[in-house]
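Colleague: First, the structure itself, so that you have it in front of you.
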Amino acid sequence: MAKQPAAVIGIGQTHHRAKRDDVSMAGLCREAMDRALEDAGLTLDEIDAIVVGKAPDLFEGVMMPELFLAESLGAAGKPLLRVHTAGSVGGSTAIVAASLVQSGVHKKVLTVAYEKQSESNAMWALSVPVPFNMPVHAGAGGYFAPHVRSYIRRSGAPEHIGAIVAAKDRNNALKNPYAHLHNEGTTVESVMASTMLWDPIRYDETCPSSDGACALVIASEDVAASSPNPAWIHGTVMRSEATTAAERDQVNPQASRDAAAALWKQAGITNPIEEIDMAEIYVPFSWFEPMWLESLGFAAPGEGWKLTESGATALGGKLPVNCSGGVLSSNPIGASGMLRFGEAALQVRGLAGEHQVEGAKKALGHAYGGGSQFFAMWVVGSEKPQG
Amino acid sequence: MRDVAVVGFAQRQMENFDGSPTCVEMLVPLLAECYEQTGWTRRDVGFWCSGSSDYLAGRSFSFVQAVDAIGVIPPVNESHVEMDLAWAMYEAWIKIQTGEVDTALVYAFGKSSAGVLRRTLSLQLDPYTMTPLWPDTVSLAGLQARVGLDAGLWDERAMAEVVNRSLTDAEKNEYAVRRGGSSVEELLARPMYADPLRKHDCAPVTDGAAAIVLAAGDRARDVRDRPAWISGLSHHIDPMSMGTRDLTRSPSAARSAASVDLSGVEVAELHAPFSHQELVLRRELGLGDDVAINPSGGALASNPMFSAGGIRIGEAAKKIWSGDASRTLGHATSGPALQQNLLCVLDATPGTDGA
């Protein structure tokens, strides 16, 4: 049985900031939702179901906040689902919302993902001591730095590759009015001169902590027919693997490789670098760009950094990556994955404004979470998928 | 819609699980039971989805350890909801409906005894206006019961009858944490706990975990002679605000009932953690006196957070498998005072309702 066609017809996001003191959690979500609904030309009353995604509840200090938010999010009297799959959650949430349409159960689904980190304290939320568990006490950067070191050793990449990614994404963010960081004048040299936090990850190579939300309206074929520019969903995939196992390759995890292979197959793509016009990839620390380029099959193992170094991933390059500024420029954790999925959809709809990739027809949205173990990806296109 | 059935179910419920802080360890024997029931290995499972709560576990990312427990090398197609098992099952049912997979295994876990449950659940409330007052679950349910009593919609005797029947039925349930009926008079003679609720009106704090297996079409027929076909599956949510909703009603339960076919239901497993909530649900679902309610003993006998709703569906499925009934209902609730509700109608024959 084939999936029912589904398309993104509305996209909205907030202005991401360190602290959005001007809005409550509900207000933050509604800011993104109202923009998505306006884009879709729909009202909340017309929506069949709501899917909410966010990362750990301890980030805001509310247990299952979708319950108290239900009314503000327009979910009263409707089905409401709450997804939580670690850092990949924004992507997973979009995929669950899409499946509600692809199953034929609903026609108009609104999904919103958010994080209001300023309500609580993320470091506390991640550091609650758990009996019988080894504490990491390192933060995400400390956790991932050894993976990056391993990548550099394996690939022989020169040490400035991470800085190239950071400078590119921070400059892309200047073209995105919603981005959290608008750091003018970021260069490879200025990134290299920034403080070393977790060797080899420097301060300017890390993502910020943001308050923000992203919302999508996903519709069935007949509803999408009245949209001037739907982003058709060509493939979705989720894969998970274990946190700890001696045989894990944490630099290029099997779950990531398996997910990519399944995704390309679903989307009918045989040569990703030639067939994908742009990618929004979850890069919370600069070096993850070349790492994921390899894992996703855009470059051979050990060759991803060469793609980055050549400028191929810059706006105007062969495969522009993170034209929005990416996670390195805005990181409302629970929403970060949906922002990747939404920005990919914006591109194929031709609505990305100053950071639009000329003529983008097919784009990748990507998210990962946990200890590089949870993956969610989709391919969206300006044309309806074949068959 | 594809014909999808519940073909496997395993559960553990206990007063106090001292094996770990999260109950994740319970999953290994539960999954083994599911494999035994289905004759599958984990490679036969097309999609996995779990339900749990970080606040109950007292830590972030509590589901991550659970993924380790199922053994996910090589990797699996997997998701998680911060909801009860019943909604994890809903996500899996949707996944099967898309045609992407034919089978799914869903599970949930939670150790309620690790903290003070009624206080932990206060953190579910509106953080700006309600949580600072720390109204706890039992007190909120007490207010709900009082509203119904004052309105003459039910009396203490009707509540005690629910308890007496539940605890009598629970005698046959090996997983019941509280069991043993007596008489309505004896129950009414017991002291108040949170007026108008007596202790037996409130579900016992329970640790536990459960798993449900779904399969489509012939995959289901391969597993069981009488798969429990899902002929209706629907869920809705109400606003949380206690001040603006009529606590004697559950519009989301009624709305879900309107979108499935409840006619001919012989057995209904209702997730009612407080005795009066069964009375609310029976009215909203329009269940007649001929429907057997909670033969397992229901949530008043044991109520493991995040799996108790799904357990109702599992218990309802068992009645189909055994041939005791041809149409059963499983119900799950979440949020304070029946805020969110899910209904799952199970049939001995597929395709009667088209879900």
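All residue names refer to the structure tokens as shown: chains lettered A, B, ... in order, residues numbered from 1 in each chain, ligands numbered from 1 in order.
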May I ask you to extract the residues of chain A within 6 Å of chain B, using only C-alpha atoms, and to give them as number ranges by chain?

Modeller: A: 1-3, 56, 62-64, 68, 70-71, 76-79, 82-85, 102-103, 128, 238-242, 255

Colleague: Counting only C-alpha atoms, which residues of region 171-250 of chain B fall within 8 Å of region 102-110 of chain B, and what is the closest atom pair for each with its distance in Å at one decimal, ordered by chain and rising number, as a Markdown table?

Modeller:
```
| residue | atom | partner | partner_atom | distance |
| --- | --- | --- | --- | --- |
| B:Asp207 | CA | B:Gly110 | CA | 6.1 |
| B:Gly208 | CA | B:Phe109 | CA | 5.9 |
| B:Ala209 | CA | B:Phe109 | CA | 4.1 |
| B:Ala210 | CA | B:Tyr107 | CA | 5.6 |
| B:Ala211 | CA | B:Tyr107 | CA | 4.1 |
| B:Ile212 | CA | B:Val106 | CA | 5.3 |
| B:Val213 | CA | B:Leu105 | CA | 4.5 |
| B:Leu214 | CA | B:Ala104 | CA | 5.1 |
| B:Ala215 | CA | B:Thr103 | CA | 4.4 |
| B:Ala216 | CA | B:Asp102 | CA | 5.3 |
| B:Arg219 | CA | B:Asp102 | CA | 7.3 |
```

Colleague: Store the residues of this selection in a file with C-alpha atoms, as a tab-separated table (two decimals), in the first residue's frame.

Modeller:
```tsv
chain	number	residue	atom	x	y	z
B	207	ASP	CA	5.03	0.76	39.25
B	208	GLY	CA	4.91	-1.05	35.96
B	209	ALA	CA	5.43	-1.47	32.27
B	210	ALA	CA	3.55	-3.00	29.38
B	211	ALA	CA	3.91	-3.81	25.70
B	212	ILE	CA	1.44	-4.26	22.85
B	213	VAL	CA	2.06	-5.84	19.44
B	214	LEU	CA	0.20	-4.72	16.32
B	215	ALA	CA	0.08	-6.44	12.95
B	216	ALA	CA	-1.76	-5.81	9.70
B	219	ARG	CA	0.63	-10.86	9.50
```

Colleague: Could you check the closest approach to Glu25 (chain B) for each of B:Ala325, B:Leu270, B:Lys111, B:Cys49 and tell me which residue wins, using only C-alpha atoms?

Modeller: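 Checking each candidate against Glu25 (chain B), we get B:Lys111 as the closest.
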
Colleague: Would you kindly return, as a CSV table (one decimal) with N, CA and C atoms, in the first residue's frame, each protein, DNA or RNA residue with an atom no farther than 9 Å from any atom of Ala367 (chain A), considering only C-alpha atoms and excluding same-chain residues fewer than 4 positions away?

Modeller:
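That gives us out.csv:
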```csv
chain,number,residue,atom,x,y,z
A,87,GLY,N,17.1,15.3,20.5
A,87,GLY,CA,17.4,16.4,19.6
A,87,GLY,C,16.7,16.3,18.3
A,88,SER,N,16.4,15.1,17.9
A,88,SER,CA,15.8,14.9,16.6
A,88,SER,C,14.3,15.2,16.6
A,89,VAL,N,13.8,15.6,17.8
A,89,VAL,CA,12.3,15.6,18.0
A,89,VAL,C,11.6,16.5,17.0
A,90,GLY,N,12.2,17.7,16.6
A,90,GLY,CA,11.6,18.6,15.7
A,90,GLY,C,11.3,17.9,14.3
A,91,GLY,N,12.3,17.1,13.9
A,91,GLY,CA,12.1,16.3,12.7
A,91,GLY,C,11.1,15.2,12.9
A,92,SER,N,11.2,14.4,14.0
A,92,SER,CA,10.3,13.3,14.2
A,92,SER,C,8.9,13.8,14.3
A,280,GLU,N,19.3,21.2,4.6
A,280,GLU,CA,19.3,21.8,6.0
A,280,GLU,C,19.7,20.7,6.9
A,281,ILE,N,20.9,20.7,7.4
A,281,ILE,CA,21.4,19.5,8.2
A,281,ILE,C,21.7,20.0,9.6
A,282,TYR,N,21.4,19.1,10.6
A,282,TYR,CA,21.5,19.5,12.0
A,282,TYR,C,23.0,19.5,12.4
A,283,VAL,N,23.5,20.7,12.5
A,283,VAL,CA,24.9,20.9,12.8
A,283,VAL,C,25.0,21.8,14.0
A,336,SER,N,14.6,22.9,16.7
A,336,SER,CA,15.7,23.0,15.8
A,336,SER,C,15.5,22.0,14.6
A,337,GLY,N,15.0,20.8,14.9
A,337,GLY,CA,14.8,19.8,13.8
A,337,GLY,C,13.7,20.3,12.9
A,338,MET,N,12.6,20.8,13.4
A,338,MET,CA,11.5,21.2,12.6
A,338,MET,C,11.9,22.4,11.8
A,340,ARG,N,14.9,22.8,10.5
A,340,ARG,CA,15.6,22.2,9.3
A,340,ARG,C,14.6,21.7,8.3
A,341,PHE,N,13.6,21.0,8.8
A,341,PHE,CA,12.5,20.5,7.9
A,341,PHE,C,11.8,21.6,7.2
A,374,PHE,N,19.7,9.1,17.4
A,374,PHE,CA,18.3,9.2,16.9
A,374,PHE,C,18.3,10.1,15.6
A,375,PHE,N,17.8,9.6,14.5
A,375,PHE,CA,17.8,10.3,13.3
A,375,PHE,C,16.4,10.5,12.7
A,376,ALA,N,16.2,11.7,12.1
A,376,ALA,CA,14.9,11.9,11.4
A,376,ALA,C,15.3,12.8,10.2
A,377,MET,N,14.7,12.4,9.1
A,377,MET,CA,15.1,13.1,7.8
A,377,MET,C,13.8,13.1,6.9
```

Colleague: Write out as a PyMOL selection string which residues come within 8 Å of Ala224 (chain A) when counting only C-alpha atoms, dropping same-chain ones fewer than 6 positions away.

Modeller: chain A and resi 6-9+230

Colleague: Out of B:Val6, B:Met26, B:Leu281, B:Leu133, which residue has the shortest atom-to-atom distance to Thr38 (chain B) when counting only C-alpha atoms?

Modeller: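 Closest to Thr38 (chain B) of all the choices is B:Val6.
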
Colleague: Give me, as a PyMOL selection string, all polymer residues having an atom no more than 10 Å from Leu149 (chain B), counting only C-alpha atoms and skipping those fewer than 5 positions away in the same chain.

Modeller: chain B and resi 143-144+154-156+196+248+276

Colleague: Generate a file of the selected residues that holds N, CA and C atoms, formatted as a short mmCIF file (atom, residue, chain, number, x, y, z; two decimals), in the first residue's frame.

Modeller:
```
data_model
loop_
_atom_site.label_atom_id
_atom_site.label_comp_id
_atom_site.auth_asym_id
_atom_site.auth_seq_id
_atom_site.Cartn_x
_atom_site.Cartn_y
_atom_site.Cartn_z
N LEU B 143 -12.30 17.39 44.06
CA LEU B 143 -13.16 18.51 43.64
C LEU B 143 -14.14 18.04 42.57
N GLN B 144 -13.63 17.23 41.64
CA GLN B 144 -14.48 16.73 40.56
C GLN B 144 -15.60 15.85 41.13
N TRP B 154 -24.26 11.61 40.87
CA TRP B 154 -23.91 10.32 41.48
C TRP B 154 -23.88 10.51 42.98
N ASP B 155 -23.88 9.38 43.71
CA ASP B 155 -23.76 9.48 45.16
C ASP B 155 -22.61 8.59 45.64
N GLU B 156 -22.31 8.67 46.93
CA GLU B 156 -21.18 7.91 47.46
C GLU B 156 -21.41 6.42 47.32
N PRO B 196 -14.58 14.15 49.10
CA PRO B 196 -15.39 12.96 49.39
C PRO B 196 -14.76 11.63 48.94
N THR B 248 -18.05 17.58 35.60
CA THR B 248 -18.88 16.37 35.61
C THR B 248 -18.97 15.74 34.22
N HIS B 276 -15.38 7.80 40.76
CA HIS B 276 -16.44 8.60 40.12
C HIS B 276 -16.16 8.82 38.64
#
```

Colleague: Give me, as a ChimeraX atom specification, all polymer residues having an atom no more than 10 Å from Ser322 (chain B), counting only C-alpha atoms and skipping those fewer than 3 positions away in the same chain.

Modeller: /B:225-228,317-319,325-326

Colleague: Only N, CA and C atoms, please: the residues just picked out, written as a short mmCIF file (atom, residue, chain, number, x, y, z; two decimals), in the first residue's frame.

Modeller:
```cif
data_model
loop_
_atom_site.label_atom_id
_atom_site.label_comp_id
_atom_site.auth_asym_id
_atom_site.auth_seq_id
_atom_site.Cartn_x
_atom_site.Cartn_y
_atom_site.Cartn_z
N ASP B 225 -5.36 -17.06 15.94
CA ASP B 225 -6.60 -17.50 15.30
C ASP B 225 -7.66 -16.41 15.38
N ARG B 226 -7.68 -15.72 16.52
CA ARG B 226 -8.65 -14.64 16.70
C ARG B 226 -7.93 -13.35 17.05
N PRO B 227 -7.33 -12.68 16.05
CA PRO B 227 -6.70 -11.38 16.34
C PRO B 227 -7.77 -10.39 16.81
N ALA B 228 -7.37 -9.44 17.61
CA ALA B 228 -8.31 -8.39 18.06
C ALA B 228 -8.19 -7.21 17.10
N ALA B 317 -8.21 -6.70 24.45
CA ALA B 317 -7.80 -7.59 23.36
C ALA B 317 -7.84 -9.05 23.81
N LYS B 318 -7.43 -9.29 25.06
CA LYS B 318 -7.41 -10.66 25.57
C LYS B 318 -8.81 -11.29 25.52
N LYS B 319 -9.83 -10.48 25.73
CA LYS B 319 -11.21 -10.99 25.70
C LYS B 319 -11.61 -11.43 24.29
N ALA B 325 -15.51 -12.63 24.05
CA ALA B 325 -16.31 -11.53 23.53
C ALA B 325 -15.98 -11.32 22.06
N SER B 326 -16.91 -10.69 21.35
CA SER B 326 -16.71 -10.40 19.92
C SER B 326 -16.40 -8.94 19.68
#
```

Colleague: Could you name the residues that touch Val321 (chain A) at 9 Å or less, counting only C-alpha atoms, but leaving out those on the same chain fewer than 4 positions away, as a CSV table (one decimal) with N, CA and C atoms, in the first residue's frame?

Modeller:
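So the final result, stored in out-v1.csv, reads:
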```csv
chain,number,residue,atom,x,y,z
A,169,ASP,N,27.9,29.6,8.1
A,169,ASP,CA,26.5,29.6,8.7
A,169,ASP,C,26.2,30.9,9.4
A,278,MET,N,19.7,21.5,-2.2
A,278,MET,CA,20.1,22.2,-1.0
A,278,MET,C,19.8,21.3,0.2
A,279,ALA,N,20.5,21.5,1.3
A,279,ALA,CA,20.2,20.6,2.5
A,279,ALA,C,20.3,21.5,3.8
A,280,GLU,N,19.3,21.2,4.6
A,280,GLU,CA,19.3,21.8,6.0
A,280,GLU,C,19.7,20.7,6.9
A,281,ILE,N,20.9,20.7,7.4
A,281,ILE,CA,21.4,19.5,8.2
A,281,ILE,C,21.7,20.0,9.6
A,289,GLU,N,29.1,19.3,10.0
A,289,GLU,CA,28.7,19.4,8.6
A,289,GLU,C,29.5,18.4,7.8
A,312,ALA,N,31.6,24.3,-1.7
A,312,ALA,CA,30.4,23.6,-2.3
A,312,ALA,C,29.2,23.8,-1.4
A,313,THR,N,29.4,23.9,-0.1
A,313,THR,CA,28.2,24.0,0.8
A,313,THR,C,27.8,25.4,1.1
A,314,ALA,N,28.5,26.4,0.5
A,314,ALA,CA,28.1,27.8,0.6
A,314,ALA,C,26.9,28.1,-0.3
A,315,LEU,N,26.2,29.2,0.1
A,315,LEU,CA,25.1,29.6,-0.8
A,315,LEU,C,25.7,29.9,-2.2
A,317,GLY,N,26.9,27.5,-4.0
A,317,GLY,CA,27.8,26.3,-4.2
A,317,GLY,C,27.0,25.1,-4.8
A,325,GLY,N,21.3,29.7,8.2
A,325,GLY,CA,22.2,29.9,9.3
A,325,GLY,C,22.3,28.7,10.2
A,326,GLY,N,21.3,27.8,10.1
A,326,GLY,CA,21.4,26.5,10.7
A,326,GLY,C,21.3,26.5,12.2
```
